[in-house]
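Have a look at structure10.txt below; it lists compact mmCIF, C-alpha atoms.
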# COMPACT_ATOMS: atom_id res chain seq x y z
CA SER Q 222 -23.67 -13.74 67.76
CA ALA Q 223 -21.01 -12.78 65.21
CA VAL Q 224 -17.74 -11.43 66.52
CA ILE Q 225 -15.47 -8.63 65.30
CA SER Q 226 -12.00 -8.52 66.84
CA GLN Q 227 -9.19 -6.02 66.48
CA LYS Q 228 -5.51 -6.37 67.32
CA PRO Q 229 -3.84 -4.73 69.08
CA SER Q 230 -6.43 -3.27 71.45
CA ARG Q 231 -4.03 -0.45 72.28
CA ASP Q 232 -0.45 0.57 71.63
CA ILE Q 233 2.00 3.33 72.38
CA CYS Q 234 4.34 4.08 69.48
CA GLN Q 235 7.26 6.34 68.73
CA ARG Q 236 6.87 9.02 66.10
CA GLY Q 237 8.18 8.02 62.70
CA THR Q 238 7.29 4.36 63.11
CA SER Q 239 4.37 2.42 61.60
CA LEU Q 240 1.68 0.26 63.17
CA THR Q 241 -0.51 -2.35 61.48
CA ILE Q 242 -3.97 -2.93 62.94
CA GLN Q 243 -5.83 -6.13 62.20
CA CYS Q 244 -9.59 -6.64 61.94
CA GLN Q 245 -10.90 -10.21 61.96
CA VAL Q 246 -14.52 -11.35 61.74
CA ASP Q 247 -15.81 -14.87 62.36
CA SER Q 248 -18.16 -15.00 59.37
CA GLN Q 249 -18.23 -13.54 55.89
CA VAL Q 250 -19.08 -9.92 55.37
CA THR Q 251 -19.90 -7.94 52.25
CA MET Q 252 -18.15 -4.73 53.19
CA MET Q 253 -15.43 -3.57 55.60
CA PHE Q 254 -14.59 0.00 56.56
CA TRP Q 255 -11.95 1.78 58.63
CA TYR Q 256 -12.79 4.81 60.79
CA ARG Q 257 -10.75 7.18 62.92
CA GLN Q 258 -12.02 8.71 66.15
CA GLN Q 259 -9.80 11.49 67.45
CA PRO Q 260 -9.88 12.22 71.21
CA GLY Q 261 -13.28 13.49 72.26
CA GLN Q 262 -14.52 13.54 68.67
CA SER Q 263 -16.91 11.67 66.44
CA LEU Q 264 -16.06 9.02 63.87
CA THR Q 265 -14.60 9.86 60.48
CA LEU Q 266 -14.40 7.37 57.64
CA ILE Q 267 -10.87 6.72 56.40
CA ALA Q 268 -11.59 4.26 53.61
CA THR Q 269 -13.61 1.33 52.34
CA ALA Q 270 -11.55 -1.86 52.27
CA ASN Q 271 -12.19 -3.66 48.99
CA GLN Q 272 -11.47 -7.35 48.69
CA GLY Q 273 -8.63 -8.06 46.31
CA SER Q 274 -8.27 -4.49 45.12
CA GLU Q 275 -7.13 -1.08 46.31
CA ALA Q 276 -9.12 0.56 49.06
CA THR Q 277 -11.35 3.57 48.35
CA TYR Q 278 -10.14 6.53 50.39
CA GLU Q 279 -12.12 9.49 51.65
CA SER Q 280 -11.04 13.06 51.12
CA GLY Q 281 -8.10 13.90 53.35
CA PHE Q 282 -6.81 10.34 53.61
CA VAL Q 283 -4.18 8.84 51.29
CA ILE Q 284 -2.86 5.37 50.63
CA ASP Q 285 0.74 6.23 51.46
CA LYS Q 286 -0.26 7.23 54.98
CA PHE Q 287 -2.97 4.60 55.58
CA PRO Q 288 -2.33 1.54 53.42
CA ILE Q 289 -5.15 -1.01 53.70
CA SER Q 290 -5.35 -4.64 52.72
CA ARG Q 291 -8.31 -6.98 52.50
CA PRO Q 292 -7.16 -10.36 51.23
CA ASN Q 293 -10.43 -12.21 51.89
CA LEU Q 294 -14.00 -11.84 53.15
CA THR Q 295 -13.16 -11.98 56.86
CA PHE Q 296 -9.91 -10.05 57.36
CA SER Q 297 -8.49 -6.58 56.80
CA THR Q 298 -5.51 -4.55 57.98
CA LEU Q 299 -4.93 -0.82 58.33
CA THR Q 300 -1.39 0.52 58.64
CA VAL Q 301 -0.72 3.93 60.11
CA SER Q 302 2.59 4.97 58.56
CA ASN Q 303 5.27 7.40 59.63
CA MET Q 304 3.28 8.28 62.72
CA SER Q 305 3.14 11.65 64.43
CA PRO Q 306 1.38 12.65 67.68
CA GLU Q 307 -1.55 13.90 65.57
CA ASP Q 308 -2.25 10.27 64.65
CA SER Q 309 -3.14 9.48 68.27
CA SER Q 310 -6.72 8.24 67.94
CA ILE Q 311 -8.98 5.26 68.20
CA TYR Q 312 -9.06 3.30 64.95
CA LEU Q 313 -12.19 1.25 64.34
CA CYS Q 314 -13.15 -1.28 61.72
CA SER Q 315 -16.77 -1.82 60.81
CA VAL Q 316 -18.44 -4.52 58.75
CA VAL Q 317 -21.68 -5.25 56.97
CA TRP Q 318 -22.69 -8.89 57.42
CA VAL Q 319 -23.92 -10.89 54.46
CA THR Q 320 -27.40 -11.23 55.96
CA ARG Q 321 -27.74 -7.67 57.28
CA TYR Q 322 -27.74 -4.11 56.02
CA GLU Q 323 -26.23 -2.15 58.89
CA GLN Q 324 -22.63 -1.49 59.92
CA TYR Q 325 -21.32 -3.11 63.07
CA PHE Q 326 -18.15 -1.94 64.76
CA GLY Q 327 -15.17 -3.67 66.27
CA PRO Q 328 -13.89 -2.75 69.74
CA GLY Q 329 -11.30 -0.32 68.36
CA THR Q 330 -7.54 0.12 68.65
CA ARG Q 331 -6.40 2.95 70.89
CA LEU Q 332 -3.17 4.41 69.49
CA THR Q 333 -0.95 6.86 71.30
CA VAL Q 334 2.04 8.34 69.46
CA THR Q 335 4.79 9.93 71.53
CA GLY E 126 -19.29 17.14 52.44
CA GLN E 127 -22.37 16.00 54.28
CA GLN E 128 -22.69 17.03 57.91
CA LEU E 129 -25.08 16.02 60.64
CA ASN E 130 -26.06 18.43 63.39
CA GLN E 131 -26.69 16.48 66.57
CA SER E 132 -28.18 18.01 69.70
CA PRO E 133 -27.94 18.39 72.54
CA GLN E 134 -24.19 18.10 72.94
CA SER E 135 -24.60 16.73 76.47
CA MET E 136 -27.31 15.97 79.01
CA PHE E 137 -27.21 15.43 82.76
CA ILE E 138 -30.51 13.97 83.88
CA GLN E 139 -32.11 12.33 86.88
CA GLU E 140 -32.61 8.58 86.83
CA GLY E 141 -36.14 7.79 85.67
CA GLU E 142 -36.42 10.80 83.38
CA ASP E 143 -37.05 10.55 79.66
CA VAL E 144 -34.36 11.66 77.20
CA SER E 145 -34.67 13.05 73.71
CA MET E 146 -31.94 13.82 71.19
CA ASN E 147 -32.03 14.56 67.49
CA CYS E 148 -30.04 14.93 64.32
CA THR E 149 -30.65 17.16 61.34
CA SER E 150 -28.95 17.47 58.00
CA SER E 151 -29.11 19.55 54.85
CA SER E 152 -28.73 16.31 52.88
CA ILE E 153 -31.20 13.50 52.34
CA PHE E 154 -30.24 10.12 53.75
CA ASN E 155 -31.65 6.73 52.83
CA THR E 156 -30.97 5.19 56.23
CA TRP E 157 -30.58 6.60 59.73
CA LEU E 158 -28.84 4.69 62.48
CA TRP E 159 -28.31 5.31 66.18
CA TYR E 160 -25.27 3.97 68.05
CA LYS E 161 -24.14 4.05 71.67
CA GLN E 162 -20.48 4.10 72.66
CA ASP E 163 -19.22 3.26 76.12
CA PRO E 164 -15.72 4.31 77.22
CA GLY E 165 -12.99 2.17 75.68
CA GLU E 166 -15.37 0.34 73.35
CA GLY E 167 -16.62 0.53 69.80
CA PRO E 168 -20.07 1.94 68.97
CA VAL E 169 -22.96 -0.49 69.41
CA LEU E 170 -25.92 -0.32 67.03
CA LEU E 171 -29.16 0.54 68.82
CA ILE E 172 -31.71 1.18 66.08
CA ALA E 173 -31.71 1.32 62.27
CA LEU E 174 -34.38 3.20 60.29
CA TYR E 175 -34.96 2.59 56.60
CA LYS E 176 -38.11 4.47 55.54
CA ALA E 177 -39.21 8.08 55.84
CA GLY E 178 -41.70 8.38 58.69
CA GLU E 179 -40.69 5.04 60.19
CA LEU E 180 -41.00 4.78 63.97
CA THR E 181 -39.05 1.92 65.56
CA SER E 182 -38.64 0.80 69.17
CA ASN E 183 -36.00 -1.28 70.90
CA GLY E 184 -36.98 -1.74 74.55
CA ARG E 185 -36.99 1.70 76.18
CA LEU E 186 -35.56 3.28 73.03
CA THR E 187 -37.70 4.77 70.27
CA ALA E 188 -36.38 6.40 67.11
CA GLN E 189 -38.03 8.00 64.11
CA PHE E 190 -36.89 8.66 60.55
CA GLY E 191 -38.07 12.15 59.63
CA ILE E 192 -40.57 12.49 56.81
CA THR E 193 -38.24 14.81 54.88
CA ARG E 194 -35.41 12.22 55.24
CA LYS E 195 -33.21 14.98 56.65
CA ASP E 196 -33.68 14.32 60.35
CA SER E 197 -34.12 11.69 63.03
CA PHE E 198 -34.71 11.61 66.76
CA LEU E 199 -34.00 9.12 69.54
CA ASN E 200 -35.98 8.93 72.76
CA ILE E 201 -35.01 6.97 75.86
CA SER E 202 -37.75 6.43 78.40
CA ALA E 203 -37.25 5.99 82.15
CA SER E 204 -33.46 6.36 82.04
CA ILE E 205 -31.27 4.13 84.20
CA PRO E 206 -27.59 4.46 85.18
CA SER E 207 -26.40 2.06 82.47
CA ASP E 208 -27.77 4.45 79.82
CA VAL E 209 -24.70 6.59 80.46
CA GLY E 210 -22.52 6.93 77.38
CA ILE E 211 -22.19 8.76 74.09
CA TYR E 212 -24.99 8.45 71.56
CA PHE E 213 -24.24 8.97 67.87
CA CYS E 214 -26.59 9.38 64.97
CA ALA E 215 -25.37 8.30 61.55
CA GLY E 216 -26.77 8.83 58.09
CA GLN E 217 -26.19 6.47 55.23
CA LEU E 218 -26.25 7.50 51.60
CA GLY E 219 -27.08 5.22 48.73
CA GLU E 220 -27.60 1.53 49.05
CA TYR E 221 -27.34 -0.50 52.22
CA GLY E 222 -23.82 -1.04 53.45
CA ASN E 223 -22.65 2.27 52.11
CA LYS E 224 -20.44 4.63 54.11
CA LEU E 225 -21.79 6.46 57.13
CA VAL E 226 -21.69 10.12 58.12
CA PHE E 227 -21.75 10.61 61.90
CA GLY E 228 -23.11 13.34 64.13
CA ALA E 229 -20.90 14.83 66.82
CA GLY E 230 -22.51 12.78 69.57
CA THR E 231 -24.63 13.40 72.66
CA ILE E 232 -23.00 12.70 76.03
CA LEU E 233 -25.57 11.34 78.47
CA ARG E 234 -24.98 11.38 82.21
CA VAL E 235 -27.52 10.02 84.67
CA LYS E 236 -27.84 10.96 88.33
CA SER E 237 -29.05 8.09 90.45
Take the structure in this file and express it as structure tokens.
Amino acid sequence: SAVISQKPSRDICQRGTSLTIQCQVDSQVTMMFWYRQQPGQSLTLIATANQGSEATYESGFVIDKFPISRPNLTFSTLTVSNMSPEDSSIYLCSVVWVTRYEQYFGPGTRLTVT
Amino acid sequence: GQQLNQSPQSMFIQEGEDVSMNCTSSSIFNTWLWYKQDPGEGPVLLIALYKAGELTSNGRLTAQFGITRKDSFLNISASIPSDVGIYFCAGQLGEYGNKLVFGAGTILRVKS
């Protein structure tokens, strides 16, 4: 079965620094998304990662804080910039495979900001 | 924005019992999906529903897409300890592959 991987799986970061999270899939997908899951909460969409163009951000999320790249059909990155403790969350990428209609999620990146 | 009301918030049941949870919305969705999340992992897709009134099963799981397109339920029959986890409903607007709106989740605990 197709695989979605995220790196790093977890990290502890100092406030004011930035972290880039990678999402890699082993076959081509049509769409890629980034979600945030705050402690004990549900999932909230950050943005849709568009190949070769700027991501589409949801209300409350901005490019300066969460820059996203998607250089090809199998890879995307999310950067959490100028971090504060409020950014401590699980960050998840999801994909829609070429032959399917549903979203499938990666294992997530657990971020703690101190 | 769109919101999904998922209930119950949590359940603590005896092994072997049946479980039912549901989601309602004031908005119409074109697709309903149900996911399960285990601790430290990403959500895993359980069932996807595409048509109003559709009833779909996946092993001991059964889900239905409400006829009004504003609700969905998930049933788990004869629960077992590995059913423990958080169950999320999600509604999808527009065409397939579009963004998802998630419910708050139902925490399921099973007594063996």
Exercise for the section: Identify all chain Q residues at most 12 Å from chain E by counting all atoms listed in the file; ligands do not count. Present them as a PyMOL selection string. Expected result: chain Q and resi 225-227+230-231+250-270+277-281+310-332
Practice task
Could you please determine the separation between CA of Ser274 in chain Q and CA of Thr300 in chain Q in Å, to one decimal place?
Solution key: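 Taking CA of Ser274 in chain Q as the start and CA of Thr300 in chain Q as the end point, the length is 16.0 Å.
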Exercise for the section: Using CA of Ala223 in chain Q and CA of Gln249 in chain Q as the two end points, give the distance in Å to one decimal. Expected result: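 These atoms are spaced 9.8 Å apart.
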Practice task
In Å, rounded to a single decimal, give me how far CA of Val235 in chain E is from CA of Lys195 in chain E.
Solution key: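 Separation between CA of Lys195 in chain E and CA of Val235 in chain E: 29.0 Å.
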Problem - Given only C-alpha atoms as the counted atoms, nearest of E:Ser151, E:Ser207, E:Ser145, E:Gln128 to Leu186 in chain E - result: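 With only C-alpha atoms as the atom set, the closest residue is E:Ser145.
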How big is the axis-aligned box, and where does its centre sit, when it encloses all atoms of range 238-243 of chain Q listed in the file and has 6 Å added on every side, reported in Å to one decimal as AutoDock Vina command-line options?
--center_x 0.7 --center_y -0.9 --center_z 62.3 --size_x 25.1 --size_y 22.5 --size_z 13.7
Completion exercise
Between E:Pro164, E:Ile153, E:Leu218, E:Val144, smallest distance to Thr187 in chain E by all atoms listed in the file belongs to E:Val144
Exercise for the section: Tell me, as number ranges by chain, which residues lie within 9 Å of Ala276 in chain Q, counting all atoms listed in the file; anything in the same chain fewer than 4 positions away does not count. Expected result: Q: 268-272, 284, 288-291
Shell around Phe137 in chain E at 12 Å using all atoms listed in the file, local window under 4 positions removed, as a tab-separated table (two decimals) with C-alpha atoms, in the frame of the given file:
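Now in result-v4.tsv:
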chain	number	residue	atom	x	y	z
E	133	PRO	CA	-27.94	18.39	72.54
E	142	GLU	CA	-36.42	10.80	83.38
E	143	ASP	CA	-37.05	10.55	79.66
E	144	VAL	CA	-34.36	11.66	77.20
E	145	SER	CA	-34.67	13.05	73.71
E	204	SER	CA	-33.46	6.36	82.04
E	206	PRO	CA	-27.59	4.46	85.18
E	208	ASP	CA	-27.77	4.45	79.82
E	209	VAL	CA	-24.70	6.59	80.46
E	210	GLY	CA	-22.52	6.93	77.38
E	231	THR	CA	-24.63	13.40	72.66
E	232	ILE	CA	-23.00	12.70	76.03
E	233	LEU	CA	-25.57	11.34	78.47
E	234	ARG	CA	-24.98	11.38	82.21
E	235	VAL	CA	-27.52	10.02	84.67
E	236	LYS	CA	-27.84	10.96	88.33
E	237	SER	CA	-29.05	8.09	90.45
Handout entry: Local residues around (-14.0, -12.9, 59.6), at most 7 Å away, using all atoms listed in the file, as a list of chain:residue names
Key =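 Residues found, by chain and rising number: Q:Gln245, Q:Val246, Q:Asp247, Q:Ser248, Q:Gln249, Q:Leu294, Q:Thr295, Q:Phe296.
Using only C-alpha atoms, the smallest distance between any of E:Asn147, E:Ser152, E:Asn130, E:Asn183 and Phe198 in chain E comes from E:Asn147.
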Handout entry: Test item: residues at most 7 Å from Asp196 in chain E, only C-alpha atoms, excluding those fewer than 6 positions along its chain, as a VMD selection string
Key = chain E and resid 148 to 150 190
Exercise for the section: For Glu307 in chain Q, please output as a PyMOL selection string all residues within 10 Å (counting all atoms listed in the file; exclusion window: fewer than 2 positions along the same chain). Expected result: chain Q and resi 236+259+304-305+309-310+333-335
Some atoms are absent from range 155-179 of chain E, so rebuild N, CA and C atoms and return them as an mmCIF file, keeping the file's coordinate frame.
data_model
loop_
_atom_site.group_PDB
_atom_site.id
_atom_site.type_symbol
_atom_site.label_atom_id
_atom_site.label_comp_id
_atom_site.auth_asym_id
_atom_site.auth_seq_id
_atom_site.Cartn_x
_atom_site.Cartn_y
_atom_site.Cartn_z
ATOM 1 N N ASN E 155 -30.780 7.869 53.078
ATOM 2 C CA ASN E 155 -31.650 6.730 52.830
ATOM 3 C C ASN E 155 -31.848 5.867 54.063
ATOM 4 N N THR E 156 -30.911 5.959 54.992
ATOM 5 C CA THR E 156 -30.970 5.190 56.230
ATOM 6 C C THR E 156 -30.446 6.058 57.362
ATOM 7 N N TRP E 157 -31.085 5.964 58.512
ATOM 8 C CA TRP E 157 -30.580 6.600 59.730
ATOM 9 C C TRP E 157 -30.306 5.506 60.753
ATOM 10 N N LEU E 158 -29.182 5.651 61.448
ATOM 11 C CA LEU E 158 -28.840 4.690 62.480
ATOM 12 C C LEU E 158 -28.459 5.428 63.759
ATOM 13 N N TRP E 159 -28.700 4.782 64.877
ATOM 14 C CA TRP E 159 -28.310 5.310 66.180
ATOM 15 C C TRP E 159 -27.407 4.303 66.871
ATOM 16 N N TYR E 160 -26.258 4.801 67.361
ATOM 17 C CA TYR E 160 -25.270 3.970 68.050
ATOM 18 C C TYR E 160 -25.032 4.530 69.452
ATOM 19 N N LYS E 161 -24.586 3.652 70.340
ATOM 20 C CA LYS E 161 -24.140 4.050 71.670
ATOM 21 C C LYS E 161 -22.705 3.571 71.864
ATOM 22 N N GLN E 162 -21.867 4.454 72.411
ATOM 23 C CA GLN E 162 -20.480 4.100 72.660
ATOM 24 C C GLN E 162 -20.160 4.278 74.135
ATOM 25 N N ASP E 163 -19.704 3.206 74.745
ATOM 26 C CA ASP E 163 -19.220 3.260 76.120
ATOM 27 C C ASP E 163 -17.717 3.491 76.111
ATOM 28 N N PRO E 164 -17.157 4.026 77.178
ATOM 29 C CA PRO E 164 -15.720 4.310 77.220
ATOM 30 C C PRO E 164 -14.871 3.095 76.902
ATOM 31 N N GLY E 165 -13.908 3.253 75.996
ATOM 32 C CA GLY E 165 -12.990 2.170 75.680
ATOM 33 C C GLY E 165 -13.563 1.097 74.774
ATOM 34 N N GLU E 166 -14.744 1.348 74.212
ATOM 35 C CA GLU E 166 -15.370 0.340 73.350
ATOM 36 C C GLU E 166 -15.775 0.947 72.026
ATOM 37 N N GLY E 167 -16.107 0.060 71.070
ATOM 38 C CA GLY E 167 -16.620 0.530 69.800
ATOM 39 C C GLY E 167 -18.109 0.835 69.898
ATOM 40 N N PRO E 168 -18.637 1.630 68.962
ATOM 41 C CA PRO E 168 -20.070 1.940 68.970
ATOM 42 C C PRO E 168 -20.909 0.673 68.780
ATOM 43 N N VAL E 169 -22.030 0.628 69.503
ATOM 44 C CA VAL E 169 -22.960 -0.490 69.410
ATOM 45 C C VAL E 169 -24.241 0.000 68.744
ATOM 46 N N LEU E 170 -24.711 -0.714 67.746
ATOM 47 C CA LEU E 170 -25.920 -0.320 67.030
ATOM 48 C C LEU E 170 -27.145 -0.493 67.924
ATOM 49 N N LEU E 171 -27.940 0.573 68.017
ATOM 50 C CA LEU E 171 -29.160 0.540 68.820
ATOM 51 C C LEU E 171 -30.391 0.341 67.942
ATOM 52 N N ILE E 172 -30.521 1.195 66.936
ATOM 53 C CA ILE E 172 -31.710 1.180 66.080
ATOM 54 C C ILE E 172 -31.284 1.591 64.676
ATOM 55 N N ALA E 173 -31.893 0.945 63.674
ATOM 56 C CA ALA E 173 -31.710 1.320 62.270
ATOM 57 C C ALA E 173 -33.074 1.646 61.676
ATOM 58 N N LEU E 174 -33.136 2.719 60.897
ATOM 59 C CA LEU E 174 -34.380 3.200 60.290
ATOM 60 C C LEU E 174 -34.189 3.264 58.785
ATOM 61 N N TYR E 175 -35.147 2.737 58.030
ATOM 62 C CA TYR E 175 -34.960 2.590 56.600
ATOM 63 C C TYR E 175 -35.942 3.391 55.746
ATOM 64 N N LYS E 176 -37.091 3.795 56.342
ATOM 65 C CA LYS E 176 -38.110 4.470 55.540
ATOM 66 C C LYS E 176 -38.514 5.786 56.184
ATOM 67 N N ALA E 177 -38.747 6.791 55.342
ATOM 68 C CA ALA E 177 -39.210 8.080 55.840
ATOM 69 C C ALA E 177 -40.493 7.887 56.629
ATOM 70 N N GLY E 178 -40.539 8.502 57.827
ATOM 71 C CA GLY E 178 -41.700 8.380 58.690
ATOM 72 C C GLY E 178 -41.686 7.167 59.603
ATOM 73 N N GLU E 179 -40.743 6.271 59.394
ATOM 74 C CA GLU E 179 -40.690 5.040 60.190
ATOM 75 C C GLU E 179 -40.425 5.344 61.659
#
